[in-house]
Structure formats: C-alpha cells, structure tokens
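Participant: Okay, so here is coords-v6.pdb, and as you'll see once you scroll down, it has PDB, C-alpha atoms and all ligand atoms.
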ATOM      1  CA  MET V   1     -59.248  41.357   5.936  1.00  0.00           C
ATOM      2  CA  VAL V   2     -60.211  38.235   4.029  1.00  0.00           C
ATOM      3  CA  THR V   3     -63.813  37.903   2.904  1.00  0.00           C
ATOM      4  CA  GLN V   4     -65.706  35.493   0.724  1.00  0.00           C
ATOM      5  CA  SER V   5     -65.954  37.097  -2.671  1.00  0.00           C
ATOM      6  CA  GLN V   6     -69.257  37.791  -4.362  1.00  0.00           C
ATOM      7  CA  ALA V   7     -67.665  38.913  -7.596  1.00  0.00           C
ATOM      8  CA  LYS V   8     -68.757  36.653 -10.463  1.00  0.00           C
ATOM      9  CA  HIS V   9     -65.365  36.287 -12.076  1.00  0.00           C
ATOM     10  CA  VAL V  10     -63.558  35.212  -8.902  1.00  0.00           C
ATOM     11  CA  PRO V  11     -63.095  31.442  -8.854  1.00  0.00           C
ATOM     12  CA  GLN V  12     -65.552  30.163  -6.247  1.00  0.00           C
ATOM     13  CA  GLU V  13     -62.979  28.516  -4.040  1.00  0.00           C
ATOM     14  CA  ARG V  14     -60.816  31.660  -3.720  1.00  0.00           C
ATOM     15  CA  LEU V  15     -61.018  34.074  -0.825  1.00  0.00           C
ATOM     16  CA  VAL V  16     -60.504  37.722  -1.620  1.00  0.00           C
ATOM     17  CA  THR V  17     -57.815  39.645   0.241  1.00  0.00           C
ATOM     18  CA  GLN V  18     -58.763  43.319   0.336  1.00  0.00           C
ATOM     19  CA  VAL V  19     -55.876  45.740   0.180  1.00  0.00           C
ATOM     20  CA  ALA V  20     -55.726  49.517   0.624  1.00  0.00           C
ATOM     21  CA  VAL V  21     -53.018  51.089  -1.507  1.00  0.00           C
ATOM     22  CA  GLY V  22     -51.767  54.685  -1.426  1.00  0.00           C
ATOM     23  CA  VAL V  23     -50.519  56.509  -4.484  1.00  0.00           C
ATOM     24  CA  LEU V  24     -48.716  59.458  -2.895  1.00  0.00           C
ATOM     25  CA  VAL V  25     -48.385  62.145  -5.548  1.00  0.00           C
ATOM     26  CA  ARG V  26     -46.290  65.294  -5.149  1.00  0.00           C
ATOM     27  CA  ALA V  27     -46.987  68.633  -6.808  1.00  0.00           C
ATOM     28  CA  ASP V  28     -44.389  67.893  -9.519  1.00  0.00           C
ATOM     29  CA  GLY V  29     -46.264  64.698 -10.466  1.00  0.00           C
ATOM     30  CA  SER V  30     -43.763  62.281  -8.940  1.00  0.00           C
ATOM     31  CA  PHE V  31     -45.173  59.351  -6.964  1.00  0.00           C
ATOM     32  CA  LEU V  32     -43.786  57.103  -4.241  1.00  0.00           C
ATOM     33  CA  LEU V  33     -42.871  53.461  -4.704  1.00  0.00           C
ATOM     34  CA  ALA V  34     -41.609  51.154  -1.966  1.00  0.00           C
ATOM     35  CA  GLN V  35     -39.653  47.924  -2.225  1.00  0.00           C
ATOM     36  CA  ARG V  36     -41.199  44.875  -0.592  1.00  0.00           C
ATOM     37  CA  PRO V  37     -39.050  43.695   2.313  1.00  0.00           C
ATOM     38  CA  ALA V  38     -37.448  40.264   2.630  1.00  0.00           C
ATOM     39  CA  GLY V  39     -39.762  37.573   3.976  1.00  0.00           C
ATOM     40  CA  LYS V  40     -42.909  38.706   2.121  1.00  0.00           C
ATOM     41  CA  PRO V  41     -44.159  37.194  -1.128  1.00  0.00           C
ATOM     42  CA  TYR V  42     -42.497  39.011  -4.061  1.00  0.00           C
ATOM     43  CA  ALA V  43     -39.718  40.372  -1.804  1.00  0.00           C
ATOM     44  CA  GLY V  44     -37.624  42.940  -3.690  1.00  0.00           C
ATOM     45  CA  TYR V  45     -40.465  43.935  -6.009  1.00  0.00           C
ATOM     46  CA  TRP V  46     -41.577  47.585  -6.077  1.00  0.00           C
ATOM     47  CA  GLU V  47     -45.144  48.537  -5.175  1.00  0.00           C
ATOM     48  CA  PHE V  48     -47.244  51.377  -3.881  1.00  0.00           C
ATOM     49  CA  PRO V  49     -47.322  51.499  -0.066  1.00  0.00           C
ATOM     50  CA  GLY V  50     -50.313  49.904   1.635  1.00  0.00           C
ATOM     51  CA  GLY V  51     -51.579  46.677   3.101  1.00  0.00           C
ATOM     52  CA  LYS V  52     -54.480  44.418   3.949  1.00  0.00           C
ATOM     53  CA  LEU V  53     -57.687  45.570   5.574  1.00  0.00           C
ATOM     54  CA  GLU V  54     -58.090  44.243   9.121  1.00  0.00           C
ATOM     55  CA  GLY V  55     -61.399  43.329  10.748  1.00  0.00           C
ATOM     56  CA  ASN V  56     -64.148  45.739   9.713  1.00  0.00           C
ATOM     57  CA  GLU V  57     -61.771  48.515   8.725  1.00  0.00           C
ATOM     58  CA  SER V  58     -62.674  50.854   5.886  1.00  0.00           C
ATOM     59  CA  VAL V  59     -60.240  51.309   3.019  1.00  0.00           C
ATOM     60  CA  GLU V  60     -59.451  54.810   4.322  1.00  0.00           C
ATOM     61  CA  ALA V  61     -58.793  53.604   7.873  1.00  0.00           C
ATOM     62  CA  ALA V  62     -56.582  50.752   6.677  1.00  0.00           C
ATOM     63  CA  LEU V  63     -54.630  53.103   4.454  1.00  0.00           C
ATOM     64  CA  ALA V  64     -54.138  55.616   7.261  1.00  0.00           C
ATOM     65  CA  ARG V  65     -52.868  52.834   9.541  1.00  0.00           C
ATOM     66  CA  GLU V  66     -50.579  51.273   6.929  1.00  0.00           C
ATOM     67  CA  LEU V  67     -49.046  54.576   5.787  1.00  0.00           C
ATOM     68  CA  HIS V  68     -48.381  55.508   9.389  1.00  0.00           C
ATOM     69  CA  GLU V  69     -46.811  52.117  10.159  1.00  0.00           C
ATOM     70  CA  GLU V  70     -44.797  51.823   6.948  1.00  0.00           C
ATOM     71  CA  LEU V  71     -43.874  55.439   6.187  1.00  0.00           C
ATOM     72  CA  GLY V  72     -44.541  57.449   9.348  1.00  0.00           C
ATOM     73  CA  VAL V  73     -46.884  59.852   7.570  1.00  0.00           C
ATOM     74  CA  THR V  74     -50.369  61.093   8.422  1.00  0.00           C
ATOM     75  CA  ILE V  75     -52.788  61.382   5.517  1.00  0.00           C
ATOM     76  CA  GLU V  76     -54.478  64.753   5.061  1.00  0.00           C
ATOM     77  CA  THR V  77     -56.106  64.438   1.623  1.00  0.00           C
ATOM     78  CA  CYS V  78     -57.036  61.108   0.085  1.00  0.00           C
ATOM     79  CA  GLN V  79     -59.405  60.134  -2.701  1.00  0.00           C
ATOM     80  CA  ARG V  80     -60.418  56.654  -3.853  1.00  0.00           C
ATOM     81  CA  TRP V  81     -59.223  56.250  -7.409  1.00  0.00           C
ATOM     82  CA  ARG V  82     -59.439  52.749  -8.982  1.00  0.00           C
ATOM     83  CA  VAL V  83     -60.083  49.138  -8.001  1.00  0.00           C
ATOM     84  CA  LEU V  84     -58.115  46.282  -9.483  1.00  0.00           C
ATOM     85  CA  GLU V  85     -58.262  42.529  -8.844  1.00  0.00           C
ATOM     86  CA  HIS V  86     -55.344  40.199  -9.390  1.00  0.00           C
ATOM     87  CA  ASP V  87     -55.039  36.439  -8.997  1.00  0.00           C
ATOM     88  CA  TYR V  88     -51.620  35.644  -7.477  1.00  0.00           C
ATOM     89  CA  PRO V  89     -50.595  32.094  -6.608  1.00  0.00           C
ATOM     90  CA  HIS V  90     -50.490  33.119  -2.908  1.00  0.00           C
ATOM     91  CA  ALA V  91     -53.705  35.178  -2.869  1.00  0.00           C
ATOM     92  CA  TYR V  92     -56.574  36.633  -4.865  1.00  0.00           C
ATOM     93  CA  VAL V  93     -56.309  40.352  -4.099  1.00  0.00           C
ATOM     94  CA  ARG V  94     -58.713  43.253  -4.545  1.00  0.00           C
ATOM     95  CA  LEU V  95     -56.663  46.428  -4.525  1.00  0.00           C
ATOM     96  CA  PHE V  96     -58.295  49.756  -3.652  1.00  0.00           C
ATOM     97  CA  PHE V  97     -55.957  52.387  -5.052  1.00  0.00           C
ATOM     98  CA  CYS V  98     -56.306  55.798  -3.444  1.00  0.00           C
ATOM     99  CA  LYS V  99     -54.627  59.005  -4.524  1.00  0.00           C
ATOM    100  CA  VAL V 100     -53.010  60.749  -1.582  1.00  0.00           C
ATOM    101  CA  THR V 101     -52.191  64.355  -2.409  1.00  0.00           C
ATOM    102  CA  ALA V 102     -51.501  65.818   1.041  1.00  0.00           C
ATOM    103  CA  TRP V 103     -49.863  64.301   4.114  1.00  0.00           C
ATOM    104  CA  ARG V 104     -47.918  65.298   7.198  1.00  0.00           C
ATOM    105  CA  GLY V 105     -44.361  64.064   7.697  1.00  0.00           C
ATOM    106  CA  GLU V 106     -41.623  63.003   5.327  1.00  0.00           C
ATOM    107  CA  PRO V 107     -42.079  59.393   4.151  1.00  0.00           C
ATOM    108  CA  THR V 108     -39.440  57.121   5.691  1.00  0.00           C
ATOM    109  CA  GLY V 109     -39.018  53.368   5.207  1.00  0.00           C
ATOM    110  CA  ARG V 110     -39.906  52.443   8.788  1.00  0.00           C
ATOM    111  CA  GLU V 111     -39.779  48.712   8.048  1.00  0.00           C
ATOM    112  CA  GLY V 112     -36.363  48.995   6.386  1.00  0.00           C
ATOM    113  CA  GLN V 113     -37.870  49.138   2.905  1.00  0.00           C
ATOM    114  CA  ALA V 114     -36.282  51.264   0.186  1.00  0.00           C
ATOM    115  CA  LEU V 115     -38.379  54.168  -1.120  1.00  0.00           C
ATOM    116  CA  ALA V 116     -38.160  55.958  -4.458  1.00  0.00           C
ATOM    117  CA  TRP V 117     -39.989  58.977  -5.861  1.00  0.00           C
ATOM    118  CA  GLN V 118     -40.620  58.153  -9.482  1.00  0.00           C
ATOM    119  CA  LYS V 119     -42.050  59.524 -12.704  1.00  0.00           C
ATOM    120  CA  ILE V 120     -43.091  57.661 -15.844  1.00  0.00           C
ATOM    121  CA  PRO V 121     -41.107  55.753 -17.052  1.00  0.00           C
ATOM    122  CA  VAL V 122     -40.134  54.364 -13.666  1.00  0.00           C
ATOM    123  CA  GLU V 123     -36.450  53.695 -13.087  1.00  0.00           C
ATOM    124  CA  VAL V 124     -36.874  50.913 -10.515  1.00  0.00           C
ATOM    125  CA  ALA V 125     -37.549  47.253 -11.311  1.00  0.00           C
ATOM    126  CA  PRO V 126     -39.203  44.855 -11.031  1.00  0.00           C
ATOM    127  CA  VAL V 127     -42.625  46.188 -10.098  1.00  0.00           C
ATOM    128  CA  LEU V 128     -45.424  43.909  -8.806  1.00  0.00           C
ATOM    129  CA  PRO V 129     -47.579  42.502 -11.619  1.00  0.00           C
ATOM    130  CA  ALA V 130     -50.689  44.286 -10.315  1.00  0.00           C
ATOM    131  CA  THR V 131     -48.765  47.564 -10.090  1.00  0.00           C
ATOM    132  CA  VAL V 132     -48.047  47.718 -13.826  1.00  0.00           C
ATOM    133  CA  PRO V 133     -51.565  48.882 -14.880  1.00  0.00           C
ATOM    134  CA  VAL V 134     -51.424  51.634 -12.270  1.00  0.00           C
ATOM    135  CA  LEU V 135     -48.403  53.113 -14.009  1.00  0.00           C
ATOM    136  CA  ASP V 136     -50.439  53.201 -17.234  1.00  0.00           C
ATOM    137  CA  TRP V 137     -53.290  54.992 -15.417  1.00  0.00           C
ATOM    138  CA  LEU V 138     -50.864  57.549 -14.001  1.00  0.00           C
ATOM    139  CA  GLN V 139     -49.470  58.177 -17.448  1.00  0.00           C
ATOM    140  CA  ALA V 140     -52.979  58.575 -18.895  1.00  0.00           C
ATOM    141  CA  ASP V 141     -53.849  60.990 -16.085  1.00  0.00           C
ATOM    142  CA  ALA V 142     -50.726  63.071 -16.604  1.00  0.00           C
ATOM    143  CA  GLY V 143     -52.346  65.036 -19.427  1.00  0.00           C
ATOM    144  CA  SER V 144     -55.703  65.330 -17.682  1.00  0.00           C
ATOM    145  CA  SER V 145     -56.980  66.846 -14.464  1.00  0.00           C
ATOM    146  CA  THR V 146     -59.813  64.312 -14.289  1.00  0.00           C
ATOM    147  CA  VAL V 147     -59.792  61.751 -11.467  1.00  0.00           C
ATOM    148  CA  LEU V 148     -61.867  58.688 -12.328  1.00  0.00           C
ATOM    149  CA  LEU V 149     -63.774  56.906  -9.609  1.00  0.00           C
ATOM    150  CA  ASP V 150     -64.408  53.235 -10.016  1.00  0.00           C
TER     151      ASP V 150
HETATM  152  N1  LIG Y 201     -49.176  47.371  -0.819  1.00  0.00           N
HETATM  153  C1  LIG Y 201     -49.371  46.917  -2.048  1.00  0.00           C
HETATM  154  N2  LIG Y 201     -49.762  45.628  -2.242  1.00  0.00           N
HETATM  155  C2  LIG Y 201     -49.918  45.223  -3.500  1.00  0.00           C
HETATM  156  C3  LIG Y 201     -49.705  46.095  -4.611  1.00  0.00           C
HETATM  157  N3  LIG Y 201     -49.935  45.403  -5.757  1.00  0.00           N
HETATM  158  C4  LIG Y 201     -50.266  44.146  -5.386  1.00  0.00           C
HETATM  159  O1  LIG Y 201     -50.539  43.236  -6.135  1.00  0.00           O
HETATM  160  N4  LIG Y 201     -50.267  44.025  -4.007  1.00  0.00           N
HETATM  161  C5  LIG Y 201     -50.586  42.787  -3.282  1.00  0.00           C
HETATM  162  O2  LIG Y 201     -51.476  43.075  -2.211  1.00  0.00           O
HETATM  163  C6  LIG Y 201     -51.141  42.282  -1.068  1.00  0.00           C
HETATM  164  C7  LIG Y 201     -50.753  43.219   0.058  1.00  0.00           C
HETATM  165  O3  LIG Y 201     -50.201  42.506   1.062  1.00  0.00           O
HETATM  166  P1  LIG Y 201     -49.053  43.051   2.043  1.00  0.00           P
HETATM  167  O4  LIG Y 201     -48.242  41.874   2.376  1.00  0.00           O
HETATM  168  O5  LIG Y 201     -48.349  44.226   1.469  1.00  0.00           O
HETATM  169  O6  LIG Y 201     -49.976  43.564   3.211  1.00  0.00           O
HETATM  170  P2  LIG Y 201     -49.618  43.745   4.738  1.00  0.00           P
HETATM  171  O7  LIG Y 201     -48.604  44.844   4.866  1.00  0.00           O
HETATM  172  O8  LIG Y 201     -50.948  43.892   5.433  1.00  0.00           O
HETATM  173  O9  LIG Y 201     -48.906  42.369   5.050  1.00  0.00           O
HETATM  174  P3  LIG Y 201     -48.674  41.492   6.322  1.00  0.00           P
HETATM  175  O10 LIG Y 201     -49.368  40.195   6.005  1.00  0.00           O
HETATM  176  O11 LIG Y 201     -47.187  41.346   6.368  1.00  0.00           O
HETATM  177  O12 LIG Y 201     -49.261  42.241   7.477  1.00  0.00           O
HETATM  178  C8  LIG Y 201     -49.984  41.377  -1.486  1.00  0.00           C
HETATM  179  O13 LIG Y 201     -50.518  40.141  -1.935  1.00  0.00           O
HETATM  180  C9  LIG Y 201     -49.374  42.138  -2.661  1.00  0.00           C
HETATM  181  O14 LIG Y 201     -48.747  41.258  -3.565  1.00  0.00           O
HETATM  182  C10 LIG Y 201     -49.298  47.431  -4.397  1.00  0.00           C
HETATM  183  O15 LIG Y 201     -49.066  48.257  -5.304  1.00  0.00           O
HETATM  184  N5  LIG Y 201     -49.144  47.789  -3.098  1.00  0.00           N
END
As structure tokens - that is how I would like this structure written.
Facilitator:
Amino acid sequence: MVTQSQAKHVPQERLVTQVAVGVLVRADGSFLLAQRPAGKPYAGYWEFPGGKLEGNESVEAALARELHEELGVTIETCQRWRVLEHDYPHAYVRLFFCKVTAWRGEPTGREGQALAWQKIPVEVAPVLPATVPVLDWLQADAGSSTVLLD
C-alpha cells in the first residue's frame, strides 16, 4: 500500500511504500534470506521475505499473505520487531520487520527465488541496503533474550 507520509523526516513529495518483512528464525538461531528475482528493482540482492501492504491490510495480514505466496508457509507465531525507513531511488520504504518463530510448511522458493538459511556473518551477497542494519540487530540480539518493540 502506498500512503502519504506524515513522518517529519520524509521529503514532502515522497510517498511511503509500507512493507511487511518476515525474519524467520529457527531454534538454532539461523534465519532465512531470499534472493530477489529478475525483473524487480535490485534483482539478485538478498533480503528477508516479504512485500508491500495492499489496500487496508495490517502488517500481519500482509506478511501472512506474502509468506504464503513466496514461500508456501503458514505463520503460527509472529511478533513485530523493528521499523526502518529507507530512501531508495525507486521508492521511499517503511519496513515493518517481524520475527517469525513458528510456521507450518517447509519454506520453498515458489517464485523461483533462491533461499538460504544463514547465521552471522552471512555467506550470501549482496544484501539489500536496508537489510544490512537488520543483520546488526540480529547479532546484537544473539546474546540476549530481549525482543525490542519499536
Ligand atoms: N521483502 C523485503 N523488501 C525489502 C527488504 N529491504 C528493503 O529495502 N526492501 C524493499 O521493500 C520493497 C518491497 O517490495 P517488493 O518488490 O519485495 O514487494 P512485493 O513483493 O509486494 O512486490 P511487487 O510489486 O512485485 O508485488 C522494495 O522496495 C525493497 O527494495 C527486505 O529485507 N525484504
């Protein structure tokens, strides 16, 4: 979904694209990255699975839809984690990162995208610019059981 931003630091002429992003974390601490398919901006870059909110969708509903479409999984446990904004040439995005700790089904690249379970330091490259800080948060969280809400 694209909405007019009310955030003060967003340049006035920019629309904000809201994006729900899933950080699927397994019991061993590994997390899932997906490679953006050909034809999208930043094709070939690695990111966390997710996509844009549609209509009046909530973050949770958009994430459930996107993870089902992209990976074929059904979310069972999901918690909002952090919010990050990034100004790309193609869009100003507001990313709602959610930690997904339980799901049904084995993630599969249903849109032909490559998938990789990773730990810090990640072995795949390049990652999307706005994905880099998330890797730092995951590393910071690794020694703590605290989940910060934005
Ligand atoms: N899914 C996802 N998107 C991200 C991440 N980091 C990041 O900057 N983005 C940006 O958020 C936006 C998500 O758009 P998308 O193209 O994946 O969404 P979508 O599946 O709804 O796309 P569509 O237009 O093909 O339907 C892109 O501008 C992408 O660059 C991330 O970790 N995961």
Participant: Select, counting all atoms listed in the file, all protein, DNA and RNA residues no farther than 10 Å from (-49.6, 56.9, -14.6) in file coordinates, and express the selection as a JSON list (two decimals) with C-alpha atoms, in the frame of the given file.
Facilitator:
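Saved to part.json:
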[["chain", "number", "residue", "atom", "x", "y", "z"],
["V", 29, "GLY", "CA", -46.26, 64.70, -10.47],
["V", 30, "SER", "CA", -43.76, 62.28, -8.94],
["V", 31, "PHE", "CA", -45.17, 59.35, -6.96],
["V", 119, "LYS", "CA", -42.05, 59.52, -12.70],
["V", 120, "ILE", "CA", -43.09, 57.66, -15.84],
["V", 121, "PRO", "CA", -41.11, 55.75, -17.05],
["V", 122, "VAL", "CA", -40.13, 54.36, -13.67],
["V", 132, "VAL", "CA", -48.05, 47.72, -13.83],
["V", 133, "PRO", "CA", -51.56, 48.88, -14.88],
["V", 134, "VAL", "CA", -51.42, 51.63, -12.27],
["V", 135, "LEU", "CA", -48.40, 53.11, -14.01],
["V", 136, "ASP", "CA", -50.44, 53.20, -17.23],
["V", 137, "TRP", "CA", -53.29, 54.99, -15.42],
["V", 138, "LEU", "CA", -50.86, 57.55, -14.00],
["V", 139, "GLN", "CA", -49.47, 58.18, -17.45],
["V", 140, "ALA", "CA", -52.98, 58.58, -18.90],
["V", 141, "ASP", "CA", -53.85, 60.99, -16.08],
["V", 142, "ALA", "CA", -50.73, 63.07, -16.60],
["V", 143, "GLY", "CA", -52.35, 65.04, -19.43]]
Participant: Please identify every polymer residue within 9 Å of ligand LIG 201 (chain Y), using all atoms listed in the file, and present the set as an MDAnalysis selection string.
Facilitator: chainID V and resid 1 17:23 33:34 36 39:42 46:54 62 66 70 84:88 90:95 97 127:132 134
Participant: Got time to write the residues from that selection, C-alpha atoms, as a PDB file, keeping the file's coordinate frame?
Facilitator:
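Written file, part.pdb:
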ATOM      1  CA  MET V   1     -59.248  41.357   5.936  1.00  0.00           C
ATOM      2  CA  THR V  17     -57.815  39.645   0.241  1.00  0.00           C
ATOM      3  CA  GLN V  18     -58.763  43.319   0.336  1.00  0.00           C
ATOM      4  CA  VAL V  19     -55.876  45.740   0.180  1.00  0.00           C
ATOM      5  CA  ALA V  20     -55.726  49.517   0.624  1.00  0.00           C
ATOM      6  CA  VAL V  21     -53.018  51.089  -1.507  1.00  0.00           C
ATOM      7  CA  GLY V  22     -51.767  54.685  -1.426  1.00  0.00           C
ATOM      8  CA  VAL V  23     -50.519  56.509  -4.484  1.00  0.00           C
ATOM      9  CA  LEU V  33     -42.871  53.461  -4.704  1.00  0.00           C
ATOM     10  CA  ALA V  34     -41.609  51.154  -1.966  1.00  0.00           C
ATOM     11  CA  ARG V  36     -41.199  44.875  -0.592  1.00  0.00           C
ATOM     12  CA  GLY V  39     -39.762  37.573   3.976  1.00  0.00           C
ATOM     13  CA  LYS V  40     -42.909  38.706   2.121  1.00  0.00           C
ATOM     14  CA  PRO V  41     -44.159  37.194  -1.128  1.00  0.00           C
ATOM     15  CA  TYR V  42     -42.497  39.011  -4.061  1.00  0.00           C
ATOM     16  CA  TRP V  46     -41.577  47.585  -6.077  1.00  0.00           C
ATOM     17  CA  GLU V  47     -45.144  48.537  -5.175  1.00  0.00           C
ATOM     18  CA  PHE V  48     -47.244  51.377  -3.881  1.00  0.00           C
ATOM     19  CA  PRO V  49     -47.322  51.499  -0.066  1.00  0.00           C
ATOM     20  CA  GLY V  50     -50.313  49.904   1.635  1.00  0.00           C
ATOM     21  CA  GLY V  51     -51.579  46.677   3.101  1.00  0.00           C
ATOM     22  CA  LYS V  52     -54.480  44.418   3.949  1.00  0.00           C
ATOM     23  CA  LEU V  53     -57.687  45.570   5.574  1.00  0.00           C
ATOM     24  CA  GLU V  54     -58.090  44.243   9.121  1.00  0.00           C
ATOM     25  CA  ALA V  62     -56.582  50.752   6.677  1.00  0.00           C
ATOM     26  CA  GLU V  66     -50.579  51.273   6.929  1.00  0.00           C
ATOM     27  CA  GLU V  70     -44.797  51.823   6.948  1.00  0.00           C
ATOM     28  CA  LEU V  84     -58.115  46.282  -9.483  1.00  0.00           C
ATOM     29  CA  GLU V  85     -58.262  42.529  -8.844  1.00  0.00           C
ATOM     30  CA  HIS V  86     -55.344  40.199  -9.390  1.00  0.00           C
ATOM     31  CA  ASP V  87     -55.039  36.439  -8.997  1.00  0.00           C
ATOM     32  CA  TYR V  88     -51.620  35.644  -7.477  1.00  0.00           C
ATOM     33  CA  HIS V  90     -50.490  33.119  -2.908  1.00  0.00           C
ATOM     34  CA  ALA V  91     -53.705  35.178  -2.869  1.00  0.00           C
ATOM     35  CA  TYR V  92     -56.574  36.633  -4.865  1.00  0.00           C
ATOM     36  CA  VAL V  93     -56.309  40.352  -4.099  1.00  0.00           C
ATOM     37  CA  ARG V  94     -58.713  43.253  -4.545  1.00  0.00           C
ATOM     38  CA  LEU V  95     -56.663  46.428  -4.525  1.00  0.00           C
ATOM     39  CA  PHE V  97     -55.957  52.387  -5.052  1.00  0.00           C
ATOM     40  CA  VAL V 127     -42.625  46.188 -10.098  1.00  0.00           C
ATOM     41  CA  LEU V 128     -45.424  43.909  -8.806  1.00  0.00           C
ATOM     42  CA  PRO V 129     -47.579  42.502 -11.619  1.00  0.00           C
ATOM     43  CA  ALA V 130     -50.689  44.286 -10.315  1.00  0.00           C
ATOM     44  CA  THR V 131     -48.765  47.564 -10.090  1.00  0.00           C
ATOM     45  CA  VAL V 132     -48.047  47.718 -13.826  1.00  0.00           C
ATOM     46  CA  VAL V 134     -51.424  51.634 -12.270  1.00  0.00           C
TER      47      VAL V 134
END
Participant: Could you give me, as a PyMOL selection string, the residues within 9 Å of V:Ala64, counting all atoms listed in the file and dropping anything in the same chain fewer than 2 positions from it?
Facilitator: chain V and resi 50+59-62+66-69+73-75
Participant: Taking the file above as input, evaluate the PyMOL selection byres (((chain V and resi 26) around 9) and not hetatm) and report the hits as a list of chain:residue names.
Facilitator: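 So the PyMOL selection byres (((chain V and resi 26) around 9) and not hetatm), applied here, picks out V:Leu24, V:Val25, V:Ala27, V:Asp28, V:Gly29, V:Ser30, V:Phe31, V:Leu32, V:Val100, V:Thr101, V:Ala102, V:Trp117.
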Participant: Suppose we keep C-alpha atoms; can you now write the selection as a PDB file, in the coordinates of the input?
Facilitator:
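As a result, result-v1.pdb now contains:
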ATOM      1  CA  LEU V  24     -48.716  59.458  -2.895  1.00  0.00           C
ATOM      2  CA  VAL V  25     -48.385  62.145  -5.548  1.00  0.00           C
ATOM      3  CA  ALA V  27     -46.987  68.633  -6.808  1.00  0.00           C
ATOM      4  CA  ASP V  28     -44.389  67.893  -9.519  1.00  0.00           C
ATOM      5  CA  GLY V  29     -46.264  64.698 -10.466  1.00  0.00           C
ATOM      6  CA  SER V  30     -43.763  62.281  -8.940  1.00  0.00           C
ATOM      7  CA  PHE V  31     -45.173  59.351  -6.964  1.00  0.00           C
ATOM      8  CA  LEU V  32     -43.786  57.103  -4.241  1.00  0.00           C
ATOM      9  CA  VAL V 100     -53.010  60.749  -1.582  1.00  0.00           C
ATOM     10  CA  THR V 101     -52.191  64.355  -2.409  1.00  0.00           C
ATOM     11  CA  ALA V 102     -51.501  65.818   1.041  1.00  0.00           C
ATOM     12  CA  TRP V 117     -39.989  58.977  -5.861  1.00  0.00           C
TER      13      TRP V 117
END
Participant: Around all listed atoms of stretch 92-111 of chain V, padded 8 Å per side, what centre and edge lengths does the axis-aligned box have in Å to one decimal, as AutoDock Vina command-line options?
Facilitator:
--center_x -48.9 --center_y 51.2 --center_z 1.9 --size_x 35.7 --size_y 45.2 --size_z 29.8
Participant: Between V:Ala38, V:Gly55, V:Glu13, V:Cys98, which has the minimum distance to V:Gly112 (counting only C-alpha atoms)?
Facilitator: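 The shortest atom-to-atom distance to V:Gly112 comes from V:Ala38.
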Participant: Could you expand the PyMOL selection byres (((chain V and resi 113) around 8) and not hetatm) into the explicit residues it covers here, written as a VMD selection string?
Facilitator: chain V and resid 34 to 37 109 to 112 114 to 115
Participant: Hey, can you spit out that residue selection with C-alpha atoms as a PDB file, keeping the file's coordinate frame?
Facilitator:
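What follows is the written file out_35.pdb:
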ATOM      1  CA  ALA V  34     -41.609  51.154  -1.966  1.00  0.00           C
ATOM      2  CA  GLN V  35     -39.653  47.924  -2.225  1.00  0.00           C
ATOM      3  CA  ARG V  36     -41.199  44.875  -0.592  1.00  0.00           C
ATOM      4  CA  PRO V  37     -39.050  43.695   2.313  1.00  0.00           C
ATOM      5  CA  GLY V 109     -39.018  53.368   5.207  1.00  0.00           C
ATOM      6  CA  ARG V 110     -39.906  52.443   8.788  1.00  0.00           C
ATOM      7  CA  GLU V 111     -39.779  48.712   8.048  1.00  0.00           C
ATOM      8  CA  GLY V 112     -36.363  48.995   6.386  1.00  0.00           C
ATOM      9  CA  ALA V 114     -36.282  51.264   0.186  1.00  0.00           C
ATOM     10  CA  LEU V 115     -38.379  54.168  -1.120  1.00  0.00           C
TER      11      LEU V 115
END
